[in-house]
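The structure appears right after this line, and notes come after that.
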Amino acid sequence: MSDITIAASEPAFTALFEQLRDSFSESASDSGSFGPFTASYAVAFHLENGSVDLRGDNTVRIGELDVVWDTLAVSLGLDIPSVCVGGWCIVPTPIGCAVRLPRKCFFQGNPDVSIPLDLSGLLRSEVSLIAGLRTGYFVDPGRQSWMDYIDAENSGVPNKWQVFIDPESVDIDVFDIADIIGDLLEDAIDAAVDTLLGFLPGWARDLVKAILGPLVDLVRDVLDLPDDIEEWLSDLLGTSLGLLDVIVTAVLDHFLAEPVFEFEDPYPILDAAGGLIPVKIPVADFDVHVTDDEMVVEANVGP
Amino acid sequence: MISTSLFTQIGLDSGALTQLGSVVHPVPEPGEYRGVVLVDEQQVADFAFVVAKQGRPQLDVDVAALAGPADDDCGCGPRADDGPLAAGGHLLLHVGSGRAAYAVVVSAVTAHGRSQVVLDTRELAKGDLFAATVLRPGRYRVANTVTGAEAKLDVAYPELGRRPMLPGEPVRVTVGDRFQPDDISVRASQGQVYAVESGARIVIELVEPYDRKPRGDGPRHRWVRRPAGR
């Protein structure tokens, strides 16, 4: 039988979890080269919602935790094929071309065009996880060796017992991208090429575009886009660029580093008053477990 | 990087070659030949080539590269290791880059070091070809300034289609006392080959540019409140 037992109901644990959830935010960026094109992203995201289920097997299930994208900027970079005129036969003969005109090209090399896509608000992702609870003892690095527990409290650097959510498995739903992404991509392609050719007069831009053909088809060919652009982009972001790993790692790191619950050691019973020092009891044998409907913290007065 | 110079060459002149206008000259006789490149009647470069019974059917000379900074490795002029041009083959004079306009005079070197002019791009002769590509949509006047003959040239505005635009086969026109045909229609970037029947300097001048109609030029609908009492 422990000296101290503290129980938090599922709603109380949910409130603790929500504080932990709301303190999470992450930003990241990366890029990759995929043969004929490059892609990069810059993201910032936080977590919202999520259901908490305390389970009798000493685990907690957190489901439907929404990844909310404050920023999700994706950029696709690709080469526009050179556009040339000439090259036609000036003097044809029955056995072939006797004289052929040299080709003249509008582009020197294949110019890069960058297609920016702002997917903020167009993409949904969800995280769910099953976790145990783990205890830890925290010694504040700001606490000096000469401090006793009263000095440490007065300096705001007391030792603490902590409870962490310790994920055993994390699942992340594949990205659910709104189907307007196809239209968005078409507009972005047109805008990118217009920017590339922007200094040319209108007729010259139209000539280059006419020779290139429908730009969306051209970009589709370069990117090797399937009909299902949403799935392609989801794979690109999630798997090829590793954004799924970024999300999982960030969530794991946050839960492993930030306690869901903590209290001071020694634990204050009475505040300092009337010239007397505060009354505190040392806590030992700190443990935590979960039942179907409670988080239970047990400890002994010690050492 | 985009080569803007191509878009600035609106008119063409067989006697002042630019990037979109080239001259082809058949060379039937074996021998040694020398060429002189002129800009504004001033010599800026020269070159030489050999015509033999056996050789290559086409010899390209980029006159802009010849006239550019001296560079033995530019690969722009006829080189000894290119081999000779075959008798009956064609010399092709073109401008690879830049905005300058060039004239070229080619002479055959005869016995005793004398020379005989066989080509002067300022006045092409029978058998010569002028290969022209016009990019700027519009209505043009084509003139042979030697004979005064004229023709109309219509260069259609490029339309964005479901497939990449192909310029189509080049249009072939004979030039002498008159143009045949004298009413020419092409797509932007479609080739034109002017085959010279008698002395000619072919000048293509823009008369009326075609531009895309700005949005908002369509019919407008206006609602007007009726006067009171009617």
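As shown in the structure tokens, the chain order sets the letters A, B, ...; within each chain, residues go from 1, and ligands are also counted from 1 in the order they appear.
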Give me the residues near range 54-66 of chain B as a ChimeraX atom specification, where near means some atom within 6 Å (using only C-alpha atoms) and where sequence neighbours in that chain fewer than 3 positions away do not count. /A:99 /B:76-77,84-86,89-96
Counting only C-alpha atoms, a student should be able to say which residues of chain A come within 10 Å of chain B; what is the right answer, written as JSON, numbers by chain? {"A": [82, 83, 84, 85, 86, 87, 88, 89, 90, 91, 97, 98, 99, 100, 101, 102, 103, 104, 105, 106, 107, 108, 109, 110, 111, 112, 196, 197, 199, 200, 201, 202, 203, 204, 205, 206, 207, 208, 209, 210, 211, 212, 213, 214, 215, 217, 218]}
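Here the residues within range 166-228 of chain A that DSSP labels strand (DSSP E) on the basis of the backbone are Asp166, Pro167, Glu168, Ser169, Val170, Asp171, Ile172, Asp176 and Ile177 of chain A.
Take the candidates B:Ala111, B:Ala52, B:Ala200, B:Val36 and check each one against Gly148 in chain B using only C-alpha atoms; the shortest distance goes to B:Ala200.
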Can you pull out the residues contacting range 136-143 of chain A? Cut-off 6 Å, using only C-alpha atoms, and skip same-chain residues under 2 positions away; I want them as a PyMOL selection string. chain A and resi 157+159-162
Closest of A:Met147, A:Thr38, A:Leu236, A:Phe45 to Glu26 in chain A - atom-to-atom distances counting only C-alpha atoms: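 Of A:Met147, A:Thr38, A:Leu236, A:Phe45, the one nearest Glu26 in chain A, counting only C-alpha atoms, is A:Phe45.
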List the spatial neighbours of Ala108 in chain B as an MDAnalysis selection string - criterion: any atom at most 10 Å away, only C-alpha atoms, same-chain residues fewer than 6 positions off excluded. chainID B and resid 27 29:35 48:51 114:119
Resulting file, chosen residues, N, CA and C atoms, as an mmCIF file, in the first residue's frame:
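File produced: part.cif:
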data_model
loop_
_atom_site.group_PDB
_atom_site.id
_atom_site.type_symbol
_atom_site.label_atom_id
_atom_site.label_comp_id
_atom_site.auth_asym_id
_atom_site.auth_seq_id
_atom_site.Cartn_x
_atom_site.Cartn_y
_atom_site.Cartn_z
ATOM 1 N N VAL B 27 27.131 25.430 -105.273
ATOM 2 C CA VAL B 27 28.492 25.613 -105.774
ATOM 3 C C VAL B 27 28.805 24.443 -106.705
ATOM 4 N N GLU B 29 31.142 24.177 -109.178
ATOM 5 C CA GLU B 29 32.493 23.978 -109.696
ATOM 6 C C GLU B 29 33.503 23.691 -108.591
ATOM 7 N N PRO B 30 34.340 22.670 -108.745
ATOM 8 C CA PRO B 30 35.432 22.451 -107.797
ATOM 9 C C PRO B 30 36.407 23.628 -107.828
ATOM 10 N N GLY B 31 37.098 23.819 -106.722
ATOM 11 C CA GLY B 31 38.078 24.893 -106.672
ATOM 12 C C GLY B 31 38.208 25.470 -105.286
ATOM 13 N N GLU B 32 38.996 26.538 -105.209
ATOM 14 C CA GLU B 32 39.168 27.243 -103.934
ATOM 15 C C GLU B 32 38.287 28.485 -103.940
ATOM 16 N N TYR B 33 37.704 28.751 -102.796
ATOM 17 C CA TYR B 33 36.794 29.890 -102.687
ATOM 18 C C TYR B 33 37.156 30.707 -101.442
ATOM 19 N N ARG B 34 36.926 31.974 -101.514
ATOM 20 C CA ARG B 34 37.134 32.858 -100.370
ATOM 21 C C ARG B 34 35.872 33.701 -100.167
ATOM 22 N N GLY B 35 35.579 33.939 -98.909
ATOM 23 C CA GLY B 35 34.411 34.756 -98.578
ATOM 24 C C GLY B 35 34.809 35.938 -97.730
ATOM 25 N N ALA B 48 37.624 30.855 -96.024
ATOM 26 C CA ALA B 48 37.959 30.155 -97.272
ATOM 27 C C ALA B 48 37.450 28.734 -97.178
ATOM 28 N N PHE B 49 37.146 28.166 -98.320
ATOM 29 C CA PHE B 49 36.747 26.765 -98.343
ATOM 30 C C PHE B 49 37.090 26.177 -99.712
ATOM 31 N N VAL B 50 37.094 24.873 -99.727
ATOM 32 C CA VAL B 50 37.460 24.147 -100.937
ATOM 33 C C VAL B 50 36.262 23.335 -101.408
ATOM 34 N N VAL B 51 36.085 23.312 -102.704
ATOM 35 C CA VAL B 51 35.054 22.463 -103.316
ATOM 36 C C VAL B 51 35.771 21.414 -104.158
ATOM 37 N N ARG B 114 43.727 35.352 -109.242
ATOM 38 C CA ARG B 114 42.609 36.271 -109.448
ATOM 39 C C ARG B 114 41.328 35.661 -108.872
ATOM 40 N N SER B 115 40.349 36.453 -108.716
ATOM 41 C CA SER B 115 39.099 35.940 -108.150
ATOM 42 C C SER B 115 37.913 36.430 -108.959
ATOM 43 N N GLN B 116 36.866 35.620 -108.856
ATOM 44 C CA GLN B 116 35.634 35.962 -109.576
ATOM 45 C C GLN B 116 34.473 35.805 -108.602
ATOM 46 N N VAL B 117 33.714 36.873 -108.441
ATOM 47 C CA VAL B 117 32.589 36.830 -107.492
ATOM 48 C C VAL B 117 31.537 35.847 -107.995
ATOM 49 N N VAL B 118 31.184 34.907 -107.099
ATOM 50 C CA VAL B 118 30.137 33.942 -107.455
ATOM 51 C C VAL B 118 28.879 34.161 -106.619
ATOM 52 N N LEU B 119 29.018 34.897 -105.527
ATOM 53 C CA LEU B 119 27.838 35.166 -104.691
ATOM 54 C C LEU B 119 28.027 36.508 -104.004
#
For Pro259 in chain A, which residue among A:Asn49, A:Ser23, A:Ser2, A:Thr93 is the nearest when counting only C-alpha atoms?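 The shortest atom-to-atom distance to Pro259 in chain A comes from A:Ser23.
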Just asking: which residues within range 181-262 of chain A are helix (DSSP H, G or I) according to DSSP, as an MDAnalysis selection string? chainID A and resid 181:196 202:212 215:223 229:240 243:257
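Atom pair CA of Ser128 in chain A / CA of Thr5 in chain A: separated by 29.3 Å.
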